[in-house]
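Chemist: The following block contains the structure, expressed as structure tokens.
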Amino acid sequence: MNATTDQAADKKAIAFDKLTAGLEALLTDGKWLEYFKFQARFHSYSFKNCMLIQVQFPEASKIAGFNVWKKLGRCVKKGEKGIYIFAPMTYKNKETETETKTLTGFKLVPVFDISQTEGEDLAQLPISSLNGDDQGLFDSLASFARSEGWSVSLEDTGAAGGYCRPSQKKIAIHSDNDPRHQAKTLAHEIGHALLHSPEEYREHRADFELEAESIAFLVLAHFGLDCGDYSFAYIAHWQSDKNALETLTKCGSRIQKTARQIIDGLEAQTSQAQKAA
């Protein structure tokens, strides 16, 4: 391994340590603990139920039962139809000392998306978009993505900063965001493109979002751009019902390998451009 490769490896290790430390600090922050407590009021749904929700209500964003919404100060609008999912049926075995619950089967129950409710505003994610220049990183990332067979476009992507559609080999980035945020989002979506399949994504969404955002953080850090305030919060949000640091450690090698692939591709482009000049 030559000196240049050693320096790149050290740089990546330092960035990953910074990501871990930043995430750990955020997870002990009072406002985040309050937010996580709020998030815990919502159910985590199985793959089968996620598919049922997708078929019945494709635009669903936050799902809960009638009584959960009521406890959160919201009520289901008159005339709204429920989204039916499977819920476990259990009974308490009072013959044992611990009074254990035994699964007897499943039944269909209605849940509702937040768009079907009205009432008090929910706790908001304490996160804001990145501002500032990208030092030309967006264009370099777009060129790399195209070399991998993906199209890249700037367009109105709605509430999302961007999206990746494997079936069309297309990446779209929100046209209204600042250049630094666009570059960060493009690195994130390239991470998805290189690492994740749509079939796996449905089942491992929270972990895959952690991986893609961590990849974006490492790529931007390598080129001297800081996106920590956004990335730490984004990762913590997606891992709100899990151990984010444990997941980060588990996925660390995949994250660093994919970030290295992107960084190497960008640096190869720069080298080729310099030779051609």
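Each chain of the structure tokens is named A, B, ... in the order shown, its residues numbered from 1; ligands are numbered from 1 in display order.
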Can you tell me which residues surround Ile215 of chain A at a distance of at most 10 Å, considering only C-alpha atoms, apart from same-chain residues fewer than 4 positions away, and format the answer as a PyMOL selection string?
Modeler: chain A and resi 16+184+187-192+209-211+219-221+231+252+254-260+262
Chemist: List as a list in words the protein and nucleic acid residues near Arg74 of chain A, meaning an atom at most 9 Å away when only C-alpha atoms are counted, but skip any in the same chain fewer than 4 places from it.
Modeler: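 Within the cut-off, the hits are Val68, Trp69, Lys70, Ile114, Thr117, Glu118, Gly119, Glu120, Asp121 and Leu122 of chain A.
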Chemist: Taking the DSSP secondary structure from the backbone, can you list the residues of segment 36-251 of chain A that are alpha helix (DSSP H), as a ChimeraX atom specification?
Modeler: /A:36-39,47-56,66-71,137-147,179-195,198-203,205-222,228-238,244-251
Chemist: Please provide the set of residues having any atom within 10 Å of Phe232 of chain A, restricted to only C-alpha atoms, with same-chain residues fewer than 5 positions apart removed, written as a ChimeraX atom specification.
Modeler: /A:19-27,127,210,213-214,217,227,237
Chemist: Just all heavy atoms for this one: save the residues we selected as a short mmCIF file (atom, residue, chain, number, x, y, z; two decimals), in the first residue's frame.
Modeler:
data_model
loop_
_atom_site.label_atom_id
_atom_site.label_comp_id
_atom_site.auth_asym_id
_atom_site.auth_seq_id
_atom_site.Cartn_x
_atom_site.Cartn_y
_atom_site.Cartn_z
N LEU A 19 -18.24 10.56 12.48
CA LEU A 19 -19.64 10.21 12.31
C LEU A 19 -20.17 9.50 13.54
O LEU A 19 -21.24 9.82 14.06
CB LEU A 19 -19.81 9.31 11.07
CG LEU A 19 -21.19 8.70 10.82
CD1 LEU A 19 -22.22 9.79 10.58
CD2 LEU A 19 -21.14 7.77 9.62
N THR A 20 -19.41 8.54 14.05
CA THR A 20 -19.82 7.79 15.24
C THR A 20 -19.94 8.71 16.45
O THR A 20 -20.93 8.65 17.20
CB THR A 20 -18.80 6.67 15.54
OG1 THR A 20 -18.68 5.82 14.39
CG2 THR A 20 -19.24 5.83 16.73
N ALA A 21 -18.94 9.57 16.65
CA ALA A 21 -18.95 10.48 17.80
C ALA A 21 -20.10 11.48 17.70
O ALA A 21 -20.77 11.77 18.70
CB ALA A 21 -17.62 11.22 17.88
N GLY A 22 -20.35 12.01 16.51
CA GLY A 22 -21.43 12.96 16.32
C GLY A 22 -22.79 12.35 16.58
O GLY A 22 -23.67 12.96 17.20
N LEU A 23 -22.96 11.11 16.11
CA LEU A 23 -24.22 10.41 16.32
C LEU A 23 -24.43 10.10 17.80
O LEU A 23 -25.53 10.26 18.34
CB LEU A 23 -24.22 9.12 15.50
CG LEU A 23 -25.51 8.29 15.49
CD1 LEU A 23 -26.69 9.12 15.01
CD2 LEU A 23 -25.34 7.06 14.61
N GLU A 24 -23.36 9.70 18.46
CA GLU A 24 -23.45 9.38 19.90
C GLU A 24 -23.82 10.62 20.70
O GLU A 24 -24.67 10.55 21.61
CB GLU A 24 -22.11 8.82 20.38
CG GLU A 24 -22.13 8.35 21.83
CD GLU A 24 -20.85 7.65 22.23
OE1 GLU A 24 -19.84 7.78 21.51
OE2 GLU A 24 -20.86 6.97 23.27
N ALA A 25 -23.23 11.76 20.37
CA ALA A 25 -23.53 13.00 21.09
C ALA A 25 -24.99 13.40 20.88
O ALA A 25 -25.68 13.83 21.81
CB ALA A 25 -22.60 14.11 20.61
N LEU A 26 -25.46 13.25 19.66
CA LEU A 26 -26.84 13.63 19.35
C LEU A 26 -27.85 12.74 20.08
O LEU A 26 -28.87 13.21 20.54
CB LEU A 26 -27.07 13.57 17.84
CG LEU A 26 -28.42 14.05 17.33
CD1 LEU A 26 -28.25 14.74 15.99
CD2 LEU A 26 -29.37 12.88 17.15
N LEU A 27 -27.51 11.46 20.21
CA LEU A 27 -28.45 10.52 20.84
C LEU A 27 -28.64 10.77 22.33
O LEU A 27 -29.56 10.24 22.94
CB LEU A 27 -27.97 9.08 20.60
CG LEU A 27 -28.05 8.58 19.16
CD1 LEU A 27 -27.40 7.22 19.01
CD2 LEU A 27 -29.50 8.52 18.69
N ILE A 127 -34.34 19.10 12.32
CA ILE A 127 -33.34 18.96 11.28
C ILE A 127 -33.62 19.99 10.18
O ILE A 127 -34.77 20.30 9.90
CB ILE A 127 -33.36 17.53 10.71
CG1 ILE A 127 -32.24 17.29 9.72
CG2 ILE A 127 -34.69 17.22 10.08
CD1 ILE A 127 -32.15 15.84 9.28
N LEU A 210 -29.57 4.48 6.90
CA LEU A 210 -28.34 4.74 7.67
C LEU A 210 -27.11 4.56 6.79
O LEU A 210 -26.19 5.40 6.81
CB LEU A 210 -28.27 3.82 8.88
CG LEU A 210 -26.99 3.87 9.72
CD1 LEU A 210 -27.29 3.69 11.20
CD2 LEU A 210 -25.98 2.79 9.29
N GLU A 213 -26.85 7.46 4.06
CA GLU A 213 -26.49 8.76 4.61
C GLU A 213 -25.06 8.76 5.16
O GLU A 213 -24.34 9.77 5.06
CB GLU A 213 -27.48 9.16 5.72
CG GLU A 213 -27.33 10.60 6.19
CD GLU A 213 -27.63 11.63 5.10
OE1 GLU A 213 -28.33 11.29 4.11
OE2 GLU A 213 -27.17 12.78 5.23
N SER A 214 -24.63 7.63 5.71
CA SER A 214 -23.25 7.52 6.20
C SER A 214 -22.27 7.59 5.05
O SER A 214 -21.20 8.21 5.15
CB SER A 214 -23.07 6.21 6.98
OG SER A 214 -23.90 6.16 8.11
N PHE A 217 -21.96 11.16 4.08
CA PHE A 217 -21.14 11.89 5.05
C PHE A 217 -19.65 11.66 4.79
O PHE A 217 -18.86 12.60 4.77
CB PHE A 217 -21.49 11.44 6.48
CG PHE A 217 -20.64 12.07 7.54
CD1 PHE A 217 -21.00 13.29 8.09
CD2 PHE A 217 -19.47 11.46 7.98
CE1 PHE A 217 -20.21 13.90 9.06
CE2 PHE A 217 -18.68 12.05 8.95
CZ PHE A 217 -19.05 13.28 9.49
N CYS A 227 -21.28 17.89 6.50
CA CYS A 227 -22.75 17.76 6.48
C CYS A 227 -23.23 17.09 7.76
O CYS A 227 -24.31 16.51 7.81
CB CYS A 227 -23.22 16.99 5.24
SG CYS A 227 -22.61 15.29 5.12
N HIS A 237 -32.94 9.75 13.15
CA HIS A 237 -34.38 9.68 12.87
C HIS A 237 -34.76 8.30 12.34
O HIS A 237 -35.72 7.68 12.80
CB HIS A 237 -34.75 10.76 11.85
CG HIS A 237 -36.09 10.54 11.22
ND1 HIS A 237 -37.28 10.61 11.91
CD2 HIS A 237 -36.44 10.25 9.93
CE1 HIS A 237 -38.29 10.36 11.10
NE2 HIS A 237 -37.81 10.15 9.90
#
Chemist: Let me make sure I understand: among A:Tyr201, A:Phe112, A:Tyr234, A:Phe86, which one has the smallest atom-to-atom distance to Phe66 of chain A if we use only C-alpha atoms?
Modeler: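 Between A:Tyr201, A:Phe112, A:Tyr234, A:Phe86, the residue approaching Phe66 of chain A most closely is A:Phe112.
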Chemist: Quick one: pick out all strand (DSSP E) residues within segment 37-272 of chain A from a backbone DSSP run and write them as a count of residues only.
Modeler: 45
